[in-house]
file query.cif (mmCIF, C-alpha atoms)
data_protein
#
loop_
_atom_site.label_atom_id
_atom_site.label_comp_id
_atom_site.auth_asym_id
_atom_site.auth_seq_id
_atom_site.Cartn_x
_atom_site.Cartn_y
_atom_site.Cartn_z
CA MET A 22 90.43 19.71 129.85
CA ASP A 23 93.13 17.52 131.36
CA ASP A 24 96.05 18.36 129.06
CA ASP A 25 98.33 15.61 130.37
CA ALA A 26 95.65 12.96 129.93
CA LEU A 27 94.96 14.11 126.37
CA GLN A 28 98.63 14.05 125.41
CA ALA A 29 99.12 10.62 126.94
CA TYR A 30 96.09 9.25 125.11
CA LEU A 31 97.15 10.62 121.72
CA ARG A 32 100.66 9.23 122.11
CA ALA A 33 99.29 5.83 123.09
CA LEU A 34 97.13 5.79 119.96
CA ALA A 35 100.13 6.53 117.79
CA ARG A 36 101.68 3.23 118.92
CA LEU A 37 98.66 1.08 118.08
CA PRO A 38 98.91 -1.00 114.88
CA ARG A 39 96.53 -0.38 112.01
CA LEU A 40 94.37 -3.17 110.65
CA LYS A 41 93.92 -4.34 107.08
CA VAL A 42 90.44 -5.06 105.77
CA GLU A 43 91.15 -8.79 105.78
CA GLU A 44 92.24 -8.62 109.42
CA GLU A 45 89.06 -6.75 110.36
CA ARG A 46 86.90 -9.41 108.76
CA GLU A 47 88.78 -12.18 110.51
CA LEU A 48 88.38 -10.39 113.83
CA GLY A 49 84.70 -9.88 113.06
CA GLN A 50 84.21 -13.61 112.64
CA ARG A 51 85.95 -14.25 115.95
CA ILE A 52 83.84 -11.62 117.68
CA ARG A 53 80.68 -13.38 116.53
CA SER A 54 82.02 -16.45 118.33
CA GLY A 55 82.40 -14.49 121.55
CA ASP A 56 86.13 -13.69 121.30
CA VAL A 57 86.66 -10.70 123.62
CA GLU A 58 90.30 -10.28 122.60
CA ALA A 59 89.26 -9.96 118.95
CA LEU A 60 86.84 -7.18 119.89
CA ARG A 61 89.61 -5.34 121.74
CA ARG A 62 91.93 -5.55 118.73
CA LEU A 63 89.24 -4.37 116.32
CA ILE A 64 88.42 -1.38 118.51
CA GLU A 65 92.04 -0.40 119.12
CA GLY A 66 92.75 -0.54 115.40
CA ASN A 67 90.11 2.13 114.75
CA LEU A 68 90.48 4.51 117.70
CA ARG A 69 92.33 7.04 115.53
CA PHE A 70 89.18 7.52 113.48
CA VAL A 71 87.19 8.48 116.56
CA VAL A 72 89.69 11.24 117.40
CA SER A 73 89.48 12.58 113.87
CA TYR A 74 85.69 12.43 113.85
CA ALA A 75 85.30 13.99 117.31
CA LYS A 76 87.12 17.10 116.06
CA ARG A 77 84.06 17.89 113.96
CA TYR A 78 81.95 18.46 117.08
CA ARG A 79 84.27 20.59 119.16
CA GLY A 80 82.96 23.92 120.39
CA LEU A 81 79.53 22.69 121.47
CA GLY A 82 80.25 22.58 125.19
CA VAL A 83 81.59 19.03 125.60
CA PRO A 84 85.36 18.74 126.29
CA PHE A 85 87.38 17.10 123.55
CA LEU A 86 88.36 14.11 125.70
CA ASP A 87 84.72 13.49 126.57
CA LEU A 88 83.76 13.58 122.90
CA ILE A 89 86.46 10.99 122.21
CA HIS A 90 85.25 8.83 125.09
CA GLU A 91 81.65 8.88 123.86
CA GLY A 92 82.78 8.15 120.32
CA ASN A 93 84.75 5.17 121.60
CA LEU A 94 81.61 3.80 123.24
CA GLY A 95 79.87 4.01 119.89
CA LEU A 96 82.82 2.26 118.27
CA MET A 97 82.55 -0.58 120.79
CA GLU A 98 78.85 -0.97 120.10
CA ALA A 99 79.62 -1.14 116.37
CA GLY A 100 82.28 -3.77 117.03
CA ARG A 101 79.79 -5.97 118.85
CA ARG A 102 77.27 -5.64 116.01
CA PHE A 103 79.67 -5.84 113.05
CA ASP A 104 78.79 -8.44 110.41
CA PRO A 105 81.97 -9.30 108.44
CA ASP A 106 79.93 -11.15 105.82
CA ARG A 107 78.44 -7.89 104.53
CA ASN A 108 81.70 -7.16 102.68
CA VAL A 109 82.12 -3.59 103.95
CA LYS A 110 84.98 -1.98 105.84
CA PHE A 111 84.38 -1.93 109.57
CA ILE A 112 84.69 1.86 109.85
CA THR A 113 82.10 2.31 107.08
CA TYR A 114 79.69 0.49 109.36
CA ALA A 115 80.97 1.99 112.61
CA VAL A 116 80.85 5.68 111.68
CA TRP A 117 77.10 5.83 112.23
CA TRP A 118 77.43 4.41 115.75
CA VAL A 119 80.28 6.80 116.56
CA ARG A 120 78.24 9.74 115.36
CA GLN A 121 75.16 8.70 117.32
CA ALA A 122 77.15 8.34 120.54
CA ILE A 123 78.70 11.79 120.16
CA MET A 124 75.36 13.38 119.28
CA HIS A 125 73.82 11.80 122.38
CA ALA A 126 76.56 13.35 124.52
CA LEU A 127 75.99 16.74 122.92
CA SER A 128 72.27 16.53 123.58
CA GLY A 129 73.02 15.81 127.23
CA GLN A 130 75.29 18.84 127.40
CA VAL A 131 72.58 21.07 126.00
CA ARG A 132 70.19 19.83 128.69
CA ALA A 133 72.86 20.59 131.31
CA PHE A 134 72.80 24.19 130.13
CA SER A 135 69.02 24.19 130.77
CA LEU A 136 68.19 25.13 127.20
CA PRO A 137 64.67 24.52 125.90
CA GLN A 138 64.21 21.08 124.37
CA LYS A 139 63.71 22.61 120.91
CA LEU A 140 67.32 23.86 120.98
CA SER A 141 68.92 20.48 121.72
CA GLY A 142 68.88 19.51 118.05
CA ILE A 143 69.71 22.99 116.76
CA ALA A 144 72.83 23.13 118.96
CA ALA A 145 74.36 20.18 117.12
CA ARG A 146 73.93 21.84 113.72
CA PHE A 147 74.16 25.50 114.73
CA GLY A 148 77.57 26.09 113.18
CA ARG A 149 76.56 24.46 109.90
CA GLU A 150 73.35 26.49 109.68
CA VAL A 151 75.20 29.75 110.32
CA ALA A 152 77.80 28.84 107.69
CA GLU A 153 75.03 28.15 105.16
CA LEU A 154 73.38 31.47 105.93
CA THR A 155 76.72 33.26 105.63
CA GLU A 156 77.17 31.75 102.17
CA GLN A 157 73.69 32.83 101.11
CA LEU A 158 74.16 36.41 102.33
CA GLU A 159 77.83 36.60 101.27
CA ARG A 160 78.58 38.16 104.67
CA ALA A 161 78.35 37.33 108.36
CA PRO A 162 74.68 37.21 109.39
CA THR A 163 73.38 39.32 112.25
CA THR A 164 71.89 37.78 115.37
CA SER A 165 68.40 38.72 114.21
CA GLU A 166 68.99 37.12 110.80
CA ILE A 167 70.18 33.88 112.40
CA ALA A 168 67.19 33.90 114.74
CA GLU A 169 64.78 34.40 111.83
CA ASP A 170 66.43 31.66 109.75
CA LEU A 171 66.32 29.10 112.59
CA GLU A 172 62.94 30.31 113.87
CA ILE A 173 64.24 30.93 117.37
CA SER A 174 64.68 34.04 119.49
CA GLU A 175 67.78 36.21 119.53
CA ALA A 176 68.30 35.16 123.15
CA ASP A 177 68.38 31.54 121.99
CA VAL A 178 71.03 32.43 119.41
CA ASP A 179 73.14 34.04 122.14
CA ALA A 180 72.74 30.94 124.33
CA LEU A 181 73.87 28.66 121.51
CA ARG A 182 76.89 30.87 120.91
CA ARG A 183 77.85 30.67 124.59
CA ILE A 184 77.80 26.88 124.42
CA GLY A 185 79.94 26.98 121.31
CA SER A 186 82.63 29.06 122.99
CA SER A 187 83.22 26.83 126.02
CA ASP A 188 85.65 24.28 124.57
CA MET A 189 89.36 24.38 123.89
CA SER A 190 90.68 25.57 120.55
CA LEU A 191 92.95 23.45 118.36
CA SER A 192 95.33 26.41 118.37
CA ASP A 193 95.60 26.42 122.17
CA HIS A 194 98.99 25.38 123.55
CA ILE A 195 99.12 22.45 125.95
CA GLY A 196 101.78 20.83 128.03
CA ALA A 197 103.70 24.04 128.75
CA GLY A 198 103.33 27.64 129.82
CA GLU A 199 101.24 30.11 127.87
CA GLY A 200 102.67 30.55 124.40
CA ASP A 201 104.92 27.51 124.71
CA GLY A 202 104.58 23.84 123.87
CA LEU A 203 102.75 22.15 121.03
CA GLU A 204 99.36 23.17 119.75
CA LEU A 205 96.62 20.60 120.22
CA GLY A 206 96.06 20.48 116.48
CA ASP A 207 99.76 19.77 115.90
CA ILE A 208 99.73 16.82 118.29
CA ILE A 209 96.74 15.30 116.53
CA GLU A 210 98.35 15.72 113.12
CA GLN A 211 101.59 14.14 114.37
CA MET A 212 99.56 11.02 115.20
CA SER A 213 99.00 10.61 111.45
CA VAL A 214 95.26 10.41 111.98
CA PRO A 215 93.77 9.76 108.55
CA PRO A 216 91.43 12.48 107.26
CA ILE A 217 87.76 11.70 107.41
CA ASP A 218 86.40 10.54 104.09
CA GLU A 219 83.14 12.43 103.59
CA ALA A 220 82.03 9.80 101.09
CA LEU A 221 82.46 7.16 103.81
CA ILE A 222 80.24 9.07 106.20
CA HIS A 223 77.66 9.63 103.49
CA GLU A 224 77.70 5.95 102.54
CA ALA A 225 77.27 4.86 106.16
CA THR A 226 74.12 6.90 106.74
CA VAL A 227 72.39 7.43 103.43
CA GLU A 228 70.74 4.00 103.31
CA ARG A 229 69.02 4.58 106.65
CA VAL A 230 67.47 7.77 105.34
CA ARG A 231 66.56 6.19 101.99
CA ASP A 232 64.75 3.34 103.71
CA ALA A 233 62.66 5.84 105.63
CA LEU A 234 61.54 7.70 102.49
CA THR A 235 58.90 5.05 101.82
CA GLU A 236 56.87 6.59 104.65
CA LEU A 237 56.69 9.99 102.92
CA ASP A 238 54.57 11.26 100.04
CA GLU A 239 56.12 12.06 96.66
CA LYS A 240 56.80 15.76 97.28
CA GLU A 241 58.26 15.09 100.72
CA ARG A 242 60.54 12.44 99.24
CA GLU A 243 61.75 14.88 96.59
CA VAL A 244 62.56 17.56 99.15
CA VAL A 245 64.31 15.23 101.60
CA THR A 246 66.27 13.59 98.78
CA LEU A 247 67.60 16.93 97.57
CA ARG A 248 68.17 18.40 101.04
CA PHE A 249 70.23 15.41 102.23
CA GLY A 250 71.99 14.74 98.94
CA LEU A 251 70.44 11.32 98.37
CA ASP A 252 70.29 11.71 94.61
CA ARG A 253 73.03 10.93 92.09
CA ASP A 254 74.68 14.28 92.73
CA GLY A 255 75.25 13.34 96.37
CA GLU A 256 75.48 16.98 97.46
CA PRO A 257 73.06 18.35 100.08
CA ARG A 258 71.25 21.45 98.81
CA THR A 259 70.12 24.58 100.60
CA LEU A 260 66.45 25.47 100.93
CA GLN A 261 66.82 27.99 98.12
CA GLU A 262 68.53 25.50 95.82
CA VAL A 263 65.82 22.90 96.40
CA GLY A 264 63.21 25.56 95.74
CA ASP A 265 64.86 26.46 92.45
CA VAL A 266 64.87 22.81 91.35
CA LEU A 267 61.23 22.19 92.27
CA GLY A 268 59.91 25.62 91.34
CA LEU A 269 58.81 26.43 94.87
CA SER A 270 59.66 29.18 97.34
CA ARG A 271 62.31 28.74 100.03
CA GLU A 272 59.60 28.98 102.69
CA ARG A 273 57.46 26.34 100.99
CA ILE A 274 60.43 23.95 100.88
CA ARG A 275 61.05 24.58 104.58
CA GLN A 276 57.42 23.74 105.34
CA ILE A 277 57.53 20.49 103.34
CA GLU A 278 60.81 19.47 105.00
CA SER A 279 59.36 20.22 108.43
CA ARG A 280 56.27 18.14 107.65
CA ALA A 281 58.41 15.25 106.41
CA LYS A 282 60.54 15.31 109.56
CA ASP A 283 57.44 15.36 111.75
CA ARG A 284 56.16 12.28 109.95
CA LEU A 285 59.48 10.48 110.35
CA ARG A 286 59.62 11.37 114.05
CA ARG A 287 56.45 9.35 114.51
CA SER A 288 57.80 6.39 112.57
CA LYS A 289 59.51 3.29 113.91
CA ARG A 290 62.79 4.58 112.48
CA ALA A 291 62.77 7.75 114.59
CA GLY A 292 65.53 6.47 116.90
CA GLU A 293 67.95 5.72 114.07
CA LEU A 294 67.27 9.04 112.35
CA ARG A 295 67.37 11.21 115.47
CA SER A 296 70.37 13.29 114.39
CA TYR A 297 68.76 14.05 111.01
CA LEU A 298 65.36 14.93 112.41
CA ASN A 299 66.57 17.60 114.84
#
call {"tool": "encode", "arguments": {"input": "query.cif", "output": "structure tokens"}}
result
Amino acid sequence: MDDDALQAYLRALARLPRLKVEEERELGQRIRSGDVEALRRLIEGNLRFVVSYAKRYRGLGVPFLDLIHEGNLGLMEAGRRFDPDRNVKFITYAVWWVRQAIMHALSGQVRAFSLPQKLSGIAARFGREVAELTEQLERAPTTSEIAEDLEISEADVDALRRIGSSDMSLSDHIGAGEGDGLELGDIIEQMSVPPIDEALIHEATVERVRDALTELDEKEREVVTLRFGLDRDGEPRTLQEVGDVLGLSRERIRQIESRAKDRLRRSKRAGELRSYLN
């Protein structure tokens, strides 16, 4: 990672003015009229969010600056498509595009490591799956347990771990000799990057998944709704938790979820739901 470039970028962001909702809507109207300067202002006013969001995907083999760059491309695409008449904050709309751009970059990185295609989706959620398994077992899972849970080989687990260890840590020092200087995490916090609102992310994506549920049968809809937290509770559930609610085994829930995802992969919405179907 180019430490100097990262520091310079973060400091430049700290000087950019924030936008009010009313300003975003005004810029959105101008963008629809072809105003390039309005697009630039809208994007610059939301670049801090991309930095904050990109932190979620560190450790998967793509350098932090590259994650930010890809997220910015997604932000620009959102800016071009933003409809200010929908009465939503720009970032509520843009978060889906930012996420898709970053996930696309991560998928490319997995291919660069020559992993089997089936692992490209697992790599993006590997950490979350291991964390869920750790919670279930109330201890760190073994390699064989992770492999069994994800239905991959132990060699695949090792490969995914190697990818996850190739990026820079937020506790690493930059801009000075070893042990000196500021930590990367400190620099980001000093930018006053607002914390990511999980409700915002949920709001930005849940409707896309809900729309797709019409293509599933009743049992598949129930499972997907509970697994992705699309019900009133809003909290995604583990396979075991869904099984307890529906009176089915963990394995049976996994089978129904897999069948539902296969059906959605063949639907016209497959592109929009790619990150959820992996």
call {"tool": "residues_around", "arguments": {"input": "query.cif", "residues": "A:His90", "least_positions_apart": "2", "cutoff": "12 Å", "atoms": "all atoms listed in the file", "output": "PyMOL selection string"}}
result
chain A and resi 27+30+68+71-72+74-75+83-88+92-97+119+122-123+126
call {"tool": "atom_distance", "arguments": {"input": "query.cif", "atom1": "atom CA of A:Gln261", "atom2": "atom CA of A:Gln157"}}
result
8.9 Å
call {"tool": "closest_residue", "arguments": {"input": "query.cif", "among": "A:Glu91, A:Glu262, A:Asp252, A:Asp106", "to": "A:Val230", "atoms": "only C-alpha atoms"}}
result
A:Asp252
call {"tool": "axis_aligned_box", "arguments": {"input": "query.cif", "around": "stretch 263-270 of chain A", "padding_each_side": "4 Å", "output": "lines of an AutoDock Vina configuration file"}}
result
center_x = 62.3
center_y = 25.7
center_z = 94.3
size_x = 15.0
size_y = 15.0
size_z = 14.0
call {"tool": "atom_distance", "arguments": {"input": "query.cif", "atom1": "atom CA of A:Leu260", "atom2": "atom CA of A:Glu272"}}
result
7.9 Å
call {"tool": "closest_residue", "arguments": {"input": "query.cif", "among": "A:Glu47, A:Glu159, A:Asp170, A:Asp283", "to": "A:Ile143", "atoms": "all atoms listed in the file"}}
result
A:Asp170
call {"tool": "atom_distance", "arguments": {"input": "query.cif", "atom1": "atom CA of A:Ala168", "atom2": "atom CA of A:Arg242"}}
result
27.3 Å
call {"tool": "closest_residue", "arguments": {"input": "query.cif", "among": "A:Ala281, A:Arg61, A:Arg271, A:Gln50", "to": "A:Glu236", "atoms": "all atoms listed in the file"}}
result
A:Ala281
call {"tool": "resolve_selection", "arguments": {"input": "query.cif", "expression": "the PyMOL selection byres ((chain A and resi 64) around 12)", "output": "number ranges by chain"}}
result
A: 34, 37-40, 45, 48-49, 52, 57-63, 65-71, 92-101, 103, 111-112, 115, 119
call {"tool": "write_last_selection", "arguments": {"input": "query.cif", "atoms": "C-alpha atoms", "output": "PDB file, in the frame of the given file"}}
result
ATOM      1  CA  LEU A  34      97.130   5.790 119.960  1.00  0.00           C
ATOM      2  CA  LEU A  37      98.660   1.080 118.080  1.00  0.00           C
ATOM      3  CA  PRO A  38      98.910  -1.000 114.880  1.00  0.00           C
ATOM      4  CA  ARG A  39      96.530  -0.380 112.010  1.00  0.00           C
ATOM      5  CA  LEU A  40      94.370  -3.170 110.650  1.00  0.00           C
ATOM      6  CA  GLU A  45      89.060  -6.750 110.360  1.00  0.00           C
ATOM      7  CA  LEU A  48      88.380 -10.390 113.830  1.00  0.00           C
ATOM      8  CA  GLY A  49      84.700  -9.880 113.060  1.00  0.00           C
ATOM      9  CA  ILE A  52      83.840 -11.620 117.680  1.00  0.00           C
ATOM     10  CA  VAL A  57      86.660 -10.700 123.620  1.00  0.00           C
ATOM     11  CA  GLU A  58      90.300 -10.280 122.600  1.00  0.00           C
ATOM     12  CA  ALA A  59      89.260  -9.960 118.950  1.00  0.00           C
ATOM     13  CA  LEU A  60      86.840  -7.180 119.890  1.00  0.00           C
ATOM     14  CA  ARG A  61      89.610  -5.340 121.740  1.00  0.00           C
ATOM     15  CA  ARG A  62      91.930  -5.550 118.730  1.00  0.00           C
ATOM     16  CA  LEU A  63      89.240  -4.370 116.320  1.00  0.00           C
ATOM     17  CA  GLU A  65      92.040  -0.400 119.120  1.00  0.00           C
ATOM     18  CA  GLY A  66      92.750  -0.540 115.400  1.00  0.00           C
ATOM     19  CA  ASN A  67      90.110   2.130 114.750  1.00  0.00           C
ATOM     20  CA  LEU A  68      90.480   4.510 117.700  1.00  0.00           C
ATOM     21  CA  ARG A  69      92.330   7.040 115.530  1.00  0.00           C
ATOM     22  CA  PHE A  70      89.180   7.520 113.480  1.00  0.00           C
ATOM     23  CA  VAL A  71      87.190   8.480 116.560  1.00  0.00           C
ATOM     24  CA  GLY A  92      82.780   8.150 120.320  1.00  0.00           C
ATOM     25  CA  ASN A  93      84.750   5.170 121.600  1.00  0.00           C
ATOM     26  CA  LEU A  94      81.610   3.800 123.240  1.00  0.00           C
ATOM     27  CA  GLY A  95      79.870   4.010 119.890  1.00  0.00           C
ATOM     28  CA  LEU A  96      82.820   2.260 118.270  1.00  0.00           C
ATOM     29  CA  MET A  97      82.550  -0.580 120.790  1.00  0.00           C
ATOM     30  CA  GLU A  98      78.850  -0.970 120.100  1.00  0.00           C
ATOM     31  CA  ALA A  99      79.620  -1.140 116.370  1.00  0.00           C
ATOM     32  CA  GLY A 100      82.280  -3.770 117.030  1.00  0.00           C
ATOM     33  CA  ARG A 101      79.790  -5.970 118.850  1.00  0.00           C
ATOM     34  CA  PHE A 103      79.670  -5.840 113.050  1.00  0.00           C
ATOM     35  CA  PHE A 111      84.380  -1.930 109.570  1.00  0.00           C
ATOM     36  CA  ILE A 112      84.690   1.860 109.850  1.00  0.00           C
ATOM     37  CA  ALA A 115      80.970   1.990 112.610  1.00  0.00           C
ATOM     38  CA  VAL A 119      80.280   6.800 116.560  1.00  0.00           C
TER      39      VAL A 119
END
call {"tool": "residues_around", "arguments": {"input": "query.cif", "residues": "A:Ala176", "least_positions_apart": "5", "cutoff": "10 Å", "atoms": "only C-alpha atoms", "output": "PDB file with C-alpha atoms, keeping the file's coordinate frame"}}
result
ATOM      1  CA  THR A 164      71.890  37.780 115.370  1.00  0.00           C
ATOM      2  CA  SER A 165      68.400  38.720 114.210  1.00  0.00           C
ATOM      3  CA  ALA A 168      67.190  33.900 114.740  1.00  0.00           C
ATOM      4  CA  LEU A 181      73.870  28.660 121.510  1.00  0.00           C
ATOM      5  CA  ARG A 182      76.890  30.870 120.910  1.00  0.00           C
TER       6      ARG A 182
END
call {"tool": "closest_residue", "arguments": {"input": "query.cif", "among": "A:Ile173, A:Met124, A:Val266, A:Ala29", "to": "A:Val244", "atoms": "all atoms listed in the file"}}
result
A:Val266
call {"tool": "closest_residue", "arguments": {"input": "query.cif", "among": "A:Ala33, A:Ala233, A:Asp104, A:Val42", "to": "A:Ser54", "atoms": "only C-alpha atoms"}}
result
A:Asp104
call {"tool": "decode", "arguments": {"input": "query.cif", "residues": "stretch 147-179 of chain A", "atoms": "C-alpha atoms", "output": "CSV table (one decimal), in the first residue's frame"}}
result
chain,number,residue,atom,x,y,z
A,147,PHE,CA,-15.8,-15.9,4.9
A,148,GLY,CA,-15.1,-13.8,8.0
A,149,ARG,CA,-18.8,-13.5,8.8
A,150,GLU,CA,-19.5,-17.2,8.4
A,151,VAL,CA,-16.6,-18.0,10.7
A,152,ALA,CA,-17.8,-15.5,13.3
A,153,GLU,CA,-21.3,-17.1,13.2
A,154,LEU,CA,-19.8,-20.6,13.6
A,155,THR,CA,-17.7,-19.3,16.5
A,156,GLU,CA,-20.8,-18.0,18.2
A,157,GLN,CA,-22.6,-21.3,17.7
A,158,LEU,CA,-19.8,-23.3,19.1
A,159,GLU,CA,-18.8,-20.8,21.8
A,160,ARG,CA,-15.2,-21.3,20.8
A,161,ALA,CA,-12.9,-20.9,17.8
A,162,PRO,CA,-13.8,-23.5,15.1
A,163,THR,CA,-11.3,-25.9,13.7
A,164,THR,CA,-10.3,-25.9,10.1
A,165,SER,CA,-12.3,-29.1,9.6
A,166,GLU,CA,-15.4,-27.6,11.3
A,167,ILE,CA,-15.2,-24.5,9.0
A,168,ALA,CA,-14.8,-26.7,6.0
A,169,GLU,CA,-17.8,-28.8,6.9
A,170,ASP,CA,-20.0,-25.8,7.7
A,171,LEU,CA,-19.2,-24.1,4.3
A,172,GLU,CA,-19.1,-27.4,2.4
A,173,ILE,CA,-15.6,-26.9,1.1
A,174,SER,CA,-12.3,-28.7,1.6
A,175,GLU,CA,-9.8,-27.9,4.4
A,176,ALA,CA,-7.4,-26.8,1.6
A,177,ASP,CA,-10.0,-24.2,0.5
A,178,VAL,CA,-10.3,-22.9,4.0
A,179,ASP,CA,-6.5,-22.4,4.2
